[in-house]
>>> print(open('entry-v8.cif').read())   # mmCIF, C-alpha atoms and all ligand atoms
data_coords
loop_
_atom_site.label_atom_id
_atom_site.label_comp_id
_atom_site.auth_asym_id
_atom_site.auth_seq_id
_atom_site.Cartn_x
_atom_site.Cartn_y
_atom_site.Cartn_z
CA MET Q 1 111.53 92.37 85.12
CA LYS Q 2 109.39 95.06 83.60
CA ALA Q 3 107.41 97.29 85.94
CA LEU Q 4 105.25 100.39 85.56
CA VAL Q 5 106.97 102.75 87.99
CA LEU Q 6 105.57 106.02 89.34
CA SER Q 7 108.95 107.77 89.41
CA ALA Q 8 107.49 111.20 90.20
CA TYR Q 9 103.92 112.49 90.53
CA GLU Q 10 102.16 112.36 87.16
CA HIS Q 11 105.14 110.55 85.70
CA LEU Q 12 104.86 106.85 85.01
CA GLU Q 13 107.34 104.83 82.98
CA ILE Q 14 108.17 101.25 82.18
CA GLU Q 15 111.43 100.39 83.93
CA ASP Q 16 113.58 97.35 84.37
CA VAL Q 17 113.70 96.48 88.07
CA PRO Q 18 114.93 93.42 90.00
CA VAL Q 19 112.46 90.56 90.54
CA PRO Q 20 111.42 90.71 94.23
CA GLN Q 21 112.38 87.82 96.51
CA PRO Q 22 109.61 86.20 98.59
CA ALA Q 23 110.13 86.12 102.37
CA ASP Q 24 109.49 82.87 104.33
CA ASP Q 25 105.74 83.46 104.48
CA GLU Q 26 105.34 85.03 101.04
CA LEU Q 27 104.45 84.01 97.52
CA LEU Q 28 106.13 85.30 94.39
CA VAL Q 29 103.24 85.76 91.96
CA ARG Q 30 103.67 86.10 88.20
CA VAL Q 31 101.08 88.80 87.52
CA LYS Q 32 98.65 87.99 84.71
CA ALA Q 33 96.23 90.89 85.19
CA CYS Q 34 96.03 94.00 87.37
CA GLY Q 35 93.20 96.50 87.41
CA ILE Q 36 93.70 100.26 87.64
CA CYS Q 37 91.83 101.41 90.74
CA GLY Q 38 90.44 104.91 91.20
CA SER Q 39 92.78 105.21 94.17
CA ASP Q 40 95.75 104.55 91.84
CA VAL Q 41 94.62 107.39 89.57
CA HIS Q 42 94.36 109.72 92.59
CA GLY Q 43 97.73 108.41 93.79
CA PHE Q 44 99.27 109.11 90.38
CA ASP Q 45 98.75 112.88 90.72
CA GLY Q 46 99.71 112.94 94.41
CA SER Q 47 96.30 114.14 95.57
CA THR Q 48 95.97 111.49 98.27
CA GLY Q 49 99.59 111.33 99.44
CA ARG Q 50 99.35 107.53 99.51
CA ARG Q 51 101.54 106.77 96.50
CA MET Q 52 104.84 108.42 97.34
CA PRO Q 53 107.26 107.94 94.42
CA PRO Q 54 109.07 105.85 93.55
CA ILE Q 55 106.41 103.18 93.76
CA VAL Q 56 104.95 100.39 91.64
CA MET Q 57 101.18 100.73 92.15
CA GLY Q 58 98.52 98.07 91.59
CA HIS Q 59 96.58 96.06 94.18
CA GLU Q 60 93.73 94.51 92.15
CA ALA Q 61 95.57 91.58 90.67
CA ALA Q 62 95.61 87.91 89.84
CA GLY Q 63 98.32 85.57 88.61
CA ILE Q 64 100.23 82.34 89.02
CA VAL Q 65 102.43 81.26 91.93
CA GLU Q 66 106.01 81.27 90.65
CA ALA Q 67 107.78 80.57 93.95
CA ALA Q 68 106.93 80.31 97.63
CA GLY Q 69 108.81 81.00 100.86
CA SER Q 70 109.91 78.08 103.06
CA LYS Q 71 107.02 78.39 105.52
CA VAL Q 72 104.24 78.43 102.91
CA ARG Q 73 102.12 75.26 102.97
CA GLU Q 74 98.80 76.30 101.43
CA PHE Q 75 99.98 76.98 97.87
CA ARG Q 76 102.10 75.32 95.24
CA ILE Q 77 104.00 76.59 92.25
CA GLY Q 78 101.58 76.92 89.34
CA ASP Q 79 98.49 77.69 91.45
CA ARG Q 80 96.21 80.40 90.08
CA VAL Q 81 95.70 83.01 92.80
CA THR Q 82 94.40 86.42 93.65
CA PHE Q 83 95.08 88.35 96.83
CA ASP Q 84 93.61 90.85 99.22
CA SER Q 85 94.87 94.40 98.85
CA THR Q 86 95.19 94.71 102.63
CA VAL Q 87 98.22 93.22 104.33
CA TYR Q 88 97.20 92.68 107.94
CA CYS Q 89 99.49 91.62 110.77
CA GLY Q 90 97.35 88.77 112.13
CA GLU Q 91 98.35 89.59 115.72
CA CYS Q 92 96.90 92.92 116.85
CA PHE Q 93 93.67 93.53 118.81
CA TYR Q 94 91.57 93.81 115.64
CA CYS Q 95 93.17 90.92 113.75
CA ARG Q 96 92.53 88.65 116.75
CA ARG Q 97 88.86 89.67 116.59
CA GLY Q 98 88.72 88.82 112.88
CA GLN Q 99 88.48 92.48 111.83
CA VAL Q 100 91.57 92.32 109.66
CA ASN Q 101 90.52 95.37 107.61
CA LEU Q 102 90.92 97.44 110.78
CA CYS Q 103 94.40 96.05 111.58
CA ASP Q 104 96.57 98.49 113.54
CA HIS Q 105 99.49 97.68 111.26
CA ARG Q 106 97.52 97.66 108.03
CA GLU Q 107 99.50 98.05 104.85
CA VAL Q 108 98.21 98.04 101.29
CA ILE Q 109 99.85 96.42 98.26
CA GLY Q 110 101.10 99.04 95.80
CA VAL Q 111 100.86 101.88 98.30
CA SER Q 112 103.57 104.01 99.92
CA THR Q 113 103.08 106.44 102.79
CA PRO Q 114 105.56 107.85 105.29
CA LEU Q 115 104.89 104.67 107.34
CA PHE Q 116 105.30 101.90 104.78
CA ARG Q 117 106.05 101.06 101.17
CA ARG Q 118 104.69 97.94 99.44
CA MET Q 119 105.52 97.33 95.80
CA GLY Q 120 102.42 96.53 93.76
CA ALA Q 121 101.34 94.44 90.81
CA PHE Q 122 101.82 96.67 87.76
CA ALA Q 123 104.86 94.51 87.14
CA GLU Q 124 105.74 91.05 85.91
CA TYR Q 125 106.08 89.80 89.50
CA VAL Q 126 104.89 90.80 92.94
CA THR Q 127 105.44 89.30 96.39
CA VAL Q 128 102.52 88.97 98.80
CA PRO Q 129 102.10 87.21 102.18
CA ALA Q 130 100.49 83.78 101.59
CA ARG Q 131 97.88 84.56 104.27
CA ILE Q 132 96.25 87.17 102.02
CA ALA Q 133 96.18 84.95 98.89
CA TYR Q 134 93.23 82.91 97.63
CA ALA Q 135 93.02 80.12 95.05
CA LEU Q 136 91.06 80.86 91.88
CA PRO Q 137 88.82 78.48 89.92
CA GLU Q 138 90.39 77.21 86.67
CA THR Q 139 87.59 78.72 84.64
CA MET Q 140 87.85 82.29 85.91
CA PRO Q 141 89.74 84.57 83.49
CA PHE Q 142 92.55 86.52 85.18
CA ALA Q 143 91.13 89.79 83.85
CA HIS Q 144 87.90 89.08 85.75
CA ALA Q 145 89.71 87.85 88.84
CA ALA Q 146 91.45 91.24 88.98
CA LEU Q 147 88.06 92.73 89.90
CA ILE Q 148 87.56 90.58 93.02
CA GLU Q 149 88.97 93.27 95.27
CA ALA Q 150 86.32 95.72 94.07
CA VAL Q 151 83.63 93.04 94.42
CA SER Q 152 84.78 92.43 97.99
CA VAL Q 153 84.42 96.12 98.84
CA ALA Q 154 80.79 96.03 97.65
CA VAL Q 155 80.00 92.73 99.36
CA HIS Q 156 81.54 93.98 102.61
CA GLY Q 157 79.43 97.16 102.50
CA VAL Q 158 76.29 95.08 101.99
CA SER Q 159 77.30 92.70 104.80
CA LEU Q 160 77.28 95.67 107.20
CA THR Q 161 73.83 96.76 105.97
CA PRO Q 162 70.73 95.36 107.73
CA VAL Q 163 69.00 94.41 104.47
CA GLU Q 164 66.08 92.01 104.73
CA HIS Q 165 64.25 89.91 102.21
CA GLY Q 166 61.82 92.06 100.26
CA ASP Q 167 63.48 95.36 101.15
CA THR Q 168 63.82 98.35 98.86
CA ALA Q 169 67.41 99.51 98.48
CA VAL Q 170 68.93 102.59 96.89
CA VAL Q 171 72.46 102.70 95.52
CA VAL Q 172 73.86 106.21 95.16
CA GLY Q 173 76.58 106.28 92.49
CA ALA Q 174 76.81 103.90 89.51
CA GLY Q 175 80.58 103.71 89.27
CA MET Q 176 82.48 100.47 89.77
CA ILE Q 177 81.57 99.99 93.44
CA GLY Q 178 77.98 101.17 92.95
CA LEU Q 179 77.35 98.73 90.11
CA LEU Q 180 78.79 95.92 92.20
CA SER Q 181 76.84 97.00 95.30
CA LEU Q 182 73.66 96.89 93.23
CA GLN Q 183 74.32 93.24 92.44
CA ALA Q 184 75.44 92.39 95.96
CA VAL Q 185 72.42 93.96 97.70
CA ARG Q 186 70.07 92.19 95.32
CA GLU Q 187 71.79 88.91 96.20
CA ALA Q 188 71.34 89.76 99.89
CA GLY Q 189 67.57 89.84 99.44
CA ALA Q 190 66.59 93.33 98.30
CA GLU Q 191 63.52 93.05 96.09
CA ARG Q 192 63.85 96.44 94.45
CA VAL Q 193 67.10 98.29 93.87
CA PHE Q 194 67.03 101.89 92.67
CA VAL Q 195 70.27 103.34 91.33
CA VAL Q 196 71.11 107.05 91.19
CA ASP Q 197 73.84 108.72 89.12
CA VAL Q 198 74.34 111.71 86.83
CA ASP Q 199 75.67 109.70 83.88
CA GLU Q 200 73.11 108.11 81.54
CA THR Q 201 75.55 105.48 80.22
CA ARG Q 202 76.19 104.24 83.73
CA LEU Q 203 72.48 104.20 84.49
CA ASP Q 204 71.88 102.08 81.36
CA LEU Q 205 74.51 99.68 82.62
CA ALA Q 206 72.85 99.62 86.05
CA ARG Q 207 69.54 98.59 84.48
CA SER Q 208 71.23 95.86 82.45
CA LEU Q 209 72.77 94.57 85.68
CA GLY Q 210 69.42 94.32 87.44
CA ALA Q 211 68.49 97.75 88.78
CA THR Q 212 64.69 97.96 89.15
CA GLN Q 213 64.71 101.60 88.16
CA THR Q 214 67.34 104.32 87.79
CA PHE Q 215 67.30 108.06 88.39
CA ASN Q 216 69.42 110.87 87.06
CA SER Q 217 69.91 113.26 89.97
CA LYS Q 218 70.76 116.09 87.54
CA LYS Q 219 67.39 115.84 85.84
CA GLN Q 220 65.02 114.38 88.42
CA ASP Q 221 63.88 115.04 91.96
CA VAL Q 222 65.18 111.70 93.12
CA VAL Q 223 63.91 111.90 96.69
CA ALA Q 224 60.37 112.67 95.50
CA GLU Q 225 60.50 109.78 93.00
CA ILE Q 226 61.66 107.33 95.66
CA GLN Q 227 58.95 108.53 98.06
CA LYS Q 228 56.36 107.93 95.36
CA LEU Q 229 57.56 104.37 94.91
CA THR Q 230 57.63 103.57 98.64
CA GLU Q 231 54.24 104.84 99.83
CA GLY Q 232 55.84 108.04 101.00
CA ARG Q 233 58.26 106.28 103.36
CA GLY Q 234 61.60 106.14 101.62
CA ALA Q 235 63.90 103.16 101.06
CA ASP Q 236 64.77 100.64 103.76
CA VAL Q 237 68.50 100.82 103.13
CA VAL Q 238 70.86 102.98 101.08
CA LEU Q 239 74.39 102.23 99.92
CA GLU Q 240 76.31 105.45 99.33
CA CYS Q 241 79.11 104.86 96.82
CA VAL Q 242 80.21 108.40 95.94
CA GLY Q 243 81.53 110.05 99.11
CA ILE Q 244 80.76 113.76 98.71
CA SER Q 245 78.28 116.02 100.58
CA ASP Q 246 75.54 116.13 97.94
CA ALA Q 247 75.48 112.38 97.44
CA ILE Q 248 75.42 111.69 101.16
CA ALA Q 249 72.61 114.22 101.64
CA LEU Q 250 70.65 112.42 98.93
CA ALA Q 251 71.30 109.08 100.65
CA VAL Q 252 70.03 110.40 104.00
CA GLU Q 253 66.94 111.96 102.43
CA SER Q 254 66.13 108.77 100.49
CA VAL Q 255 66.04 106.42 103.46
CA ARG Q 256 62.96 105.82 105.60
CA LYS Q 257 62.67 106.45 109.34
CA GLY Q 258 64.63 103.79 111.18
CA GLY Q 259 66.49 102.86 107.98
CA ALA Q 260 70.21 102.48 107.40
CA VAL Q 261 72.71 104.27 105.20
CA THR Q 262 76.00 102.50 104.58
CA LEU Q 263 78.82 104.83 103.58
CA VAL Q 264 81.21 103.17 101.16
CA GLY Q 265 82.28 106.18 99.05
CA ASN Q 266 85.28 107.99 100.49
CA VAL Q 267 86.30 111.17 98.71
CA ALA Q 268 85.58 114.34 100.72
CA PRO Q 269 87.46 114.41 104.05
CA LYS Q 270 84.51 116.29 105.61
CA ILE Q 271 80.85 116.65 104.65
CA ASP Q 272 77.77 118.62 105.66
CA LEU Q 273 75.36 116.36 107.49
CA ALA Q 274 71.66 116.97 108.18
CA LEU Q 275 72.06 116.03 111.82
CA GLN Q 276 68.44 116.55 112.82
CA SER Q 277 67.18 114.42 109.97
CA VAL Q 278 69.49 111.60 111.07
CA VAL Q 279 68.73 111.86 114.80
CA SER Q 280 65.00 112.55 114.77
CA ARG Q 281 64.36 109.94 112.07
CA GLN Q 282 66.60 107.45 113.91
CA ILE Q 283 68.76 106.61 110.92
CA ARG Q 284 71.76 104.37 111.24
CA LEU Q 285 74.92 105.62 109.47
CA GLN Q 286 77.44 102.84 108.96
CA GLY Q 287 80.96 103.31 107.60
CA SER Q 288 82.48 100.49 105.56
CA CYS Q 289 86.21 100.05 104.95
CA ALA Q 290 87.74 97.72 102.34
CA SER Q 291 86.73 94.12 103.01
CA CYS Q 292 87.17 91.54 105.70
CA GLY Q 293 87.36 87.90 104.69
CA GLU Q 294 84.74 88.08 101.93
CA TYR Q 295 87.07 86.84 99.17
CA PRO Q 296 85.93 83.18 99.02
CA GLU Q 297 82.28 84.28 98.93
CA CYS Q 298 83.06 86.80 96.18
CA ILE Q 299 84.95 84.25 94.10
CA ALA Q 300 81.96 81.87 94.39
CA MET Q 301 79.45 84.57 93.41
CA MET Q 302 81.52 85.58 90.40
CA ALA Q 303 82.10 81.98 89.33
CA ASP Q 304 78.38 81.16 89.22
CA GLY Q 305 77.32 84.48 87.70
CA ARG Q 306 75.44 85.94 90.67
CA ILE Q 307 77.84 88.86 90.37
CA GLN Q 308 78.86 89.86 86.86
CA VAL Q 309 82.05 91.77 86.26
CA ALA Q 310 82.55 91.36 82.50
CA PRO Q 311 80.29 94.36 81.66
CA LEU Q 312 82.42 96.54 83.95
CA VAL Q 313 85.70 95.91 82.12
CA SER Q 314 86.21 98.78 79.66
CA ALA Q 315 89.57 97.63 78.32
CA VAL Q 316 92.24 94.99 78.74
CA ALA Q 317 95.64 96.24 77.57
CA PRO Q 318 99.31 95.29 77.82
CA LEU Q 319 101.27 96.77 80.75
CA GLU Q 320 103.33 98.80 78.25
CA GLU Q 321 100.21 100.81 77.44
CA GLY Q 322 99.67 101.60 81.12
CA VAL Q 323 101.06 105.13 80.88
CA ARG Q 324 98.47 106.06 78.28
CA TRP Q 325 95.58 104.40 80.13
CA PHE Q 326 96.45 106.18 83.36
CA GLN Q 327 96.38 109.46 81.48
CA ARG Q 328 92.98 108.67 79.94
CA LEU Q 329 91.54 107.75 83.33
CA HIS Q 330 93.09 110.83 84.89
CA ASP Q 331 91.51 112.98 82.16
CA ARG Q 332 88.17 111.42 83.15
CA GLU Q 333 87.41 110.11 79.69
CA PRO Q 334 83.67 109.38 79.69
CA GLY Q 335 82.48 105.79 79.62
CA LEU Q 336 85.61 104.29 81.17
CA LEU Q 337 85.07 101.95 84.10
CA LYS Q 338 87.70 99.32 84.83
CA VAL Q 339 90.90 99.15 82.81
CA VAL Q 340 92.92 95.97 83.33
CA LEU Q 341 96.62 95.80 82.45
CA GLU Q 342 98.38 92.55 81.54
CA PRO Q 343 102.12 92.38 82.24
ZN ZN Q 401 91.24 99.30 94.60
ZN ZN Q 402 96.64 93.43 112.85
#
>>> encode(input="entry-v8.cif", output="structure tokens", more="lines below")
Ligand SMILES: [Zn+2]
Ligand SMILES: [Zn+2]
Amino acid sequence: MKALVLSAYEHLEIEDVPVPQPADDELLVRVKACGICGSDVHGFDGSTGRRMPPIVMGHEAAGIVEAAGSKVREFRIGDRVTFDSTVYCGECFYCRRGQVNLCDHREVIGVSTPLFRRMGAFAEYVTVPARIAYALPETMPFAHAALIEAVSVAVHGVSLTPVEHGDTAVVVGAGMIGLLSLQAVREAGAERVFVVDVDETRLDLARSLGATQTFNSKKQDVVAEIQKLTEGRGADVVLECVGISDAIALAVESVRKGGAVTLVGNVAPKIDLALQSVVSRQIRLQGSCASCGEYPECIAMMADGRIQVAPLVSAVAPLEEGVRWFQRLHDREPGLLKVVLEP
């Protein structure tokens, strides 16, 4: 089969590799669409150390069941499916508590570290454990289904946020996860959602997806603007979807006393934190990692339009063009959000 192989850092090529064989509890999925994640682009240049070559990347995928291992009962050949990016063990302390995203033996599809190597979905076929797969509605295009993983990250972040009906929320960062968090927090009851970014195109998109108001943190004093709109208090909750010091500082300054900041962005290993502002204003900081069982809810919200992903898809291209698209994303071409490859 054809696969897009990272054979060395910054070197991708289409190679002919053997079709993987599903284990007893696995599905062999014929990949119909696979999104390029920001983490794949960072993996491509070696900056994260989580895509050690040789590896087939790709964990945001959807396709059709081609074969199933002998112990698989839940799926049949021909089923349309997507799957979680996290492969959890199902047996450890955290899995038994239902916190599968915190599994002690967590592996990720399309990722290789010194501890594990899982071939991903930038290929004609991929094998995944049946326990992480989910059936897709007939009407959902595969290219949209490939964004469910990103939707689940946003929905999980919101699920950890104490948002109440009528609240004012701020989303810091209008990239993929920010634009999905905007929609998810609105669905969770937020009456007003303010979105902050430095890119006007992304802010336009945020408004078209339901942001009440947007702010450009390069041009505006965002904290002062938010204070003005909240009787001097600040927002009830903030979703931070960037993950660097400045953005987190903005998130902390934008929230009211007793409010909550959920940290979804994950870029800088360490940040500066205004400790006294957090402690004396009794702010809750909540980390959020991947997702944890939100897939069925996400599929339902996408199917009935409560969460829209179509405006976030910048391009759908054949797998053969993957090398070029990775380069364009790596070069940070403006205006590009999600690129979906079709094997
Ligand atoms: Zn991803
Ligand atoms: Zn586990």
>>> closest_residue(input="entry-v8.cif", among="Q:Pro296, Q:Pro318, Q:Gly120, Q:Pro54", to="ligand ZN 401 (chain Q)", atoms="only C-alpha atoms and all ligand atoms")
Q:Gly120
>>> closest_atom_pairs(input="entry-v8.cif", of="chain Q", to="ligand ZN 402 (chain Q)", cutoff="10 Å", atoms="only C-alpha atoms and all ligand atoms", output="JSON lines")
{"residue": "Q:Val87", "atom": "CA", "partner": "Q:ZN402", "partner_atom": "ZN", "distance": 8.7}
{"residue": "Q:Tyr88", "atom": "CA", "partner": "Q:ZN402", "partner_atom": "ZN", "distance": 5.0}
{"residue": "Q:Cys89", "atom": "CA", "partner": "Q:ZN402", "partner_atom": "ZN", "distance": 4.0}
{"residue": "Q:Gly90", "atom": "CA", "partner": "Q:ZN402", "partner_atom": "ZN", "distance": 4.8}
{"residue": "Q:Glu91", "atom": "CA", "partner": "Q:ZN402", "partner_atom": "ZN", "distance": 5.1}
{"residue": "Q:Cys92", "atom": "CA", "partner": "Q:ZN402", "partner_atom": "ZN", "distance": 4.0}
{"residue": "Q:Phe93", "atom": "CA", "partner": "Q:ZN402", "partner_atom": "ZN", "distance": 6.7}
{"residue": "Q:Tyr94", "atom": "CA", "partner": "Q:ZN402", "partner_atom": "ZN", "distance": 5.8}
{"residue": "Q:Cys95", "atom": "CA", "partner": "Q:ZN402", "partner_atom": "ZN", "distance": 4.4}
{"residue": "Q:Arg96", "atom": "CA", "partner": "Q:ZN402", "partner_atom": "ZN", "distance": 7.4}
{"residue": "Q:Arg97", "atom": "CA", "partner": "Q:ZN402", "partner_atom": "ZN", "distance": 9.4}
{"residue": "Q:Gly98", "atom": "CA", "partner": "Q:ZN402", "partner_atom": "ZN", "distance": 9.2}
{"residue": "Q:Gln99", "atom": "CA", "partner": "Q:ZN402", "partner_atom": "ZN", "distance": 8.3}
{"residue": "Q:Val100", "atom": "CA", "partner": "Q:ZN402", "partner_atom": "ZN", "distance": 6.1}
{"residue": "Q:Asn101", "atom": "CA", "partner": "Q:ZN402", "partner_atom": "ZN", "distance": 8.3}
{"residue": "Q:Leu102", "atom": "CA", "partner": "Q:ZN402", "partner_atom": "ZN", "distance": 7.3}
{"residue": "Q:Cys103", "atom": "CA", "partner": "Q:ZN402", "partner_atom": "ZN", "distance": 3.7}
{"residue": "Q:Asp104", "atom": "CA", "partner": "Q:ZN402", "partner_atom": "ZN", "distance": 5.1}
{"residue": "Q:His105", "atom": "CA", "partner": "Q:ZN402", "partner_atom": "ZN", "distance": 5.4}
{"residue": "Q:Arg106", "atom": "CA", "partner": "Q:ZN402", "partner_atom": "ZN", "distance": 6.5}
{"residue": "Q:Glu107", "atom": "CA", "partner": "Q:ZN402", "partner_atom": "ZN", "distance": 9.7}
>>> residues_near_ligand(input="entry-v8.cif", ligand="ligand ZN 401 (chain Q)", cutoff="8 Å", atoms="all atoms listed in the file", output="list in words")
Gly35, Ile36, Cys37, Gly38, Ser39, Asp40, Gly58, His59, Glu60, Ser85, Glu149 and Ala150 of chain Q
>>> residues_around(input="entry-v8.cif", residues="Phe75 in chain Q", least_positions_apart="2", cutoff="12 Å", atoms="only C-alpha atoms", output="MDAnalysis selection string")
chainID Q and resid 25:29 64:73 77:82 129:136
>>> atom_distance(input="entry-v8.cif", atom1="CA of Leu203 in chain Q", atom2="CA of Ser254 in chain Q")
17.8 Å
>>> axis_aligned_box(input="entry-v8.cif", around="range 190-209 of chain Q", padding_each_side="6 Å", output="AutoDock Vina command-line options")
--center_x 69.9 --center_y 102.4 --center_z 89.3 --size_x 24.7 --size_y 30.7 --size_z 30.1
>>> closest_residue(input="entry-v8.cif", among="Q:Lys257, Q:His11, Q:Arg118, Q:His42", to="Arg332 in chain Q", atoms="all atoms listed in the file")
Q:His42
>>> residues_around(input="entry-v8.cif", residues="range 259-261 of chain Q", least_positions_apart="6", cutoff="12 Å", atoms="only C-alpha atoms", output="MDAnalysis selection string")
chainID Q and resid 157:158 160:164 167:172 233:241 247:253 277:288
>>> write_last_selection(input="entry-v8.cif", atoms="C-alpha atoms", output="short mmCIF file (atom, residue, chain, number, x, y, z; two decimals), in the frame of the given file")
data_model
loop_
_atom_site.label_atom_id
_atom_site.label_comp_id
_atom_site.auth_asym_id
_atom_site.auth_seq_id
_atom_site.Cartn_x
_atom_site.Cartn_y
_atom_site.Cartn_z
CA GLY Q 157 79.43 97.16 102.50
CA VAL Q 158 76.29 95.08 101.99
CA LEU Q 160 77.28 95.67 107.20
CA THR Q 161 73.83 96.76 105.97
CA PRO Q 162 70.73 95.36 107.73
CA VAL Q 163 69.00 94.41 104.47
CA GLU Q 164 66.08 92.01 104.73
CA ASP Q 167 63.48 95.36 101.15
CA THR Q 168 63.82 98.35 98.86
CA ALA Q 169 67.41 99.51 98.48
CA VAL Q 170 68.93 102.59 96.89
CA VAL Q 171 72.46 102.70 95.52
CA VAL Q 172 73.86 106.21 95.16
CA ARG Q 233 58.26 106.28 103.36
CA GLY Q 234 61.60 106.14 101.62
CA ALA Q 235 63.90 103.16 101.06
CA ASP Q 236 64.77 100.64 103.76
CA VAL Q 237 68.50 100.82 103.13
CA VAL Q 238 70.86 102.98 101.08
CA LEU Q 239 74.39 102.23 99.92
CA GLU Q 240 76.31 105.45 99.33
CA CYS Q 241 79.11 104.86 96.82
CA ALA Q 247 75.48 112.38 97.44
CA ILE Q 248 75.42 111.69 101.16
CA ALA Q 249 72.61 114.22 101.64
CA LEU Q 250 70.65 112.42 98.93
CA ALA Q 251 71.30 109.08 100.65
CA VAL Q 252 70.03 110.40 104.00
CA GLU Q 253 66.94 111.96 102.43
CA SER Q 277 67.18 114.42 109.97
CA VAL Q 278 69.49 111.60 111.07
CA VAL Q 279 68.73 111.86 114.80
CA SER Q 280 65.00 112.55 114.77
CA ARG Q 281 64.36 109.94 112.07
CA GLN Q 282 66.60 107.45 113.91
CA ILE Q 283 68.76 106.61 110.92
CA ARG Q 284 71.76 104.37 111.24
CA LEU Q 285 74.92 105.62 109.47
CA GLN Q 286 77.44 102.84 108.96
CA GLY Q 287 80.96 103.31 107.60
CA SER Q 288 82.48 100.49 105.56
#
>>> residues_around(input="entry-v8.cif", residues="Pro343 in chain Q", least_positions_apart="6", cutoff="8 Å", atoms="all atoms listed in the file", output="PyMOL selection string")
chain Q and resi 2+31-33+122-124+318-320
>>> closest_residue(input="entry-v8.cif", among="Q:Val340, Q:Ala61, Q:Val111, Q:Val264", to="Ser291 in chain Q", atoms="all atoms listed in the file")
Q:Val264
>>> residues_near_point(input="entry-v8.cif", point="(105.2, 106.7, 104.0)", cutoff="9 Å", atoms="all atoms listed in the file", output="ChimeraX atom specification")
/Q:49-52,111-117
>>> atom_distance(input="entry-v8.cif", atom1="CA of Val323 in chain Q", atom2="CA of Ile14 in chain Q")
8.2 Å
>>> residues_near_point(input="entry-v8.cif", point="(84.0, 108.9, 99.7)", cutoff="9 Å", atoms="only C-alpha atoms", output="ChimeraX atom specification")
/Q:240-244,263-269
>>> closest_residue(input="entry-v8.cif", among="Q:Phe326, Q:Pro311, Q:Ser159, Q:Pro22", to="Asp204 in chain Q", atoms="all atoms listed in the file")
Q:Pro311
>>> atom_distance(input="entry-v8.cif", atom1="CA of Gly322 in chain Q", atom2="CA of Val339 in chain Q")
9.3 Å
>>> decode(input="entry-v8.cif", residues="range 94-98 of chain Q", atoms="all heavy atoms", output="PDB file, in the first residue's frame")
ATOM      1  N   TYR Q  94      -6.219   4.503  35.994  1.00  0.00           N
ATOM      2  CA  TYR Q  94      -6.994   5.580  35.373  1.00  0.00           C
ATOM      3  C   TYR Q  94      -8.062   5.050  34.422  1.00  0.00           C
ATOM      4  O   TYR Q  94      -9.188   5.541  34.404  1.00  0.00           O
ATOM      5  CB  TYR Q  94      -6.056   6.557  34.652  1.00  0.00           C
ATOM      6  CG  TYR Q  94      -5.167   7.268  35.634  1.00  0.00           C
ATOM      7  CD1 TYR Q  94      -3.851   6.870  35.811  1.00  0.00           C
ATOM      8  CD2 TYR Q  94      -5.674   8.280  36.432  1.00  0.00           C
ATOM      9  CE1 TYR Q  94      -3.044   7.483  36.753  1.00  0.00           C
ATOM     10  CE2 TYR Q  94      -4.876   8.897  37.392  1.00  0.00           C
ATOM     11  CZ  TYR Q  94      -3.562   8.504  37.541  1.00  0.00           C
ATOM     12  OH  TYR Q  94      -2.793   9.102  38.490  1.00  0.00           O
ATOM     13  N   CYS Q  95      -7.724   4.043  33.637  1.00  0.00           N
ATOM     14  CA  CYS Q  95      -8.715   3.472  32.719  1.00  0.00           C
ATOM     15  C   CYS Q  95      -9.900   2.927  33.502  1.00  0.00           C
ATOM     16  O   CYS Q  95     -11.054   3.093  33.110  1.00  0.00           O
ATOM     17  CB  CYS Q  95      -8.092   2.368  31.867  1.00  0.00           C
ATOM     18  SG  CYS Q  95      -7.065   3.023  30.539  1.00  0.00           S
ATOM     19  N   ARG Q  96      -9.624   2.284  34.662  1.00  0.00           N
ATOM     20  CA  ARG Q  96     -10.719   1.721  35.454  1.00  0.00           C
ATOM     21  C   ARG Q  96     -11.600   2.816  36.042  1.00  0.00           C
ATOM     22  O   ARG Q  96     -12.764   2.591  36.324  1.00  0.00           O
ATOM     23  CB  ARG Q  96     -10.163   0.785  36.543  1.00  0.00           C
ATOM     24  CG  ARG Q  96      -9.792  -0.582  35.963  1.00  0.00           C
ATOM     25  CD  ARG Q  96      -9.408  -1.579  37.039  1.00  0.00           C
ATOM     26  NE  ARG Q  96      -7.991  -1.490  37.363  1.00  0.00           N
ATOM     27  CZ  ARG Q  96      -7.519  -1.151  38.557  1.00  0.00           C
ATOM     28  NH1 ARG Q  96      -8.346  -0.886  39.565  1.00  0.00           N
ATOM     29  NH2 ARG Q  96      -6.227  -1.083  38.770  1.00  0.00           N
ATOM     30  N   ARG Q  97     -11.044   4.024  36.200  1.00  0.00           N
ATOM     31  CA  ARG Q  97     -11.849   5.152  36.668  1.00  0.00           C
ATOM     32  C   ARG Q  97     -12.525   5.904  35.526  1.00  0.00           C
ATOM     33  O   ARG Q  97     -13.146   6.948  35.744  1.00  0.00           O
ATOM     34  CB  ARG Q  97     -10.943   6.161  37.389  1.00  0.00           C
ATOM     35  CG  ARG Q  97     -10.371   5.660  38.688  1.00  0.00           C
ATOM     36  CD  ARG Q  97      -9.140   6.479  39.053  1.00  0.00           C
ATOM     37  NE  ARG Q  97      -9.446   7.889  39.228  1.00  0.00           N
ATOM     38  CZ  ARG Q  97      -9.618   8.476  40.418  1.00  0.00           C
ATOM     39  NH1 ARG Q  97      -9.537   7.764  41.513  1.00  0.00           N
ATOM     40  NH2 ARG Q  97      -9.867   9.753  40.498  1.00  0.00           N
ATOM     41  N   GLY Q  98     -12.330   5.432  34.306  1.00  0.00           N
ATOM     42  CA  GLY Q  98     -12.944   6.101  33.149  1.00  0.00           C
ATOM     43  C   GLY Q  98     -12.127   7.270  32.623  1.00  0.00           C
ATOM     44  O   GLY Q  98     -12.557   7.968  31.718  1.00  0.00           O
TER      45      GLY Q  98
END
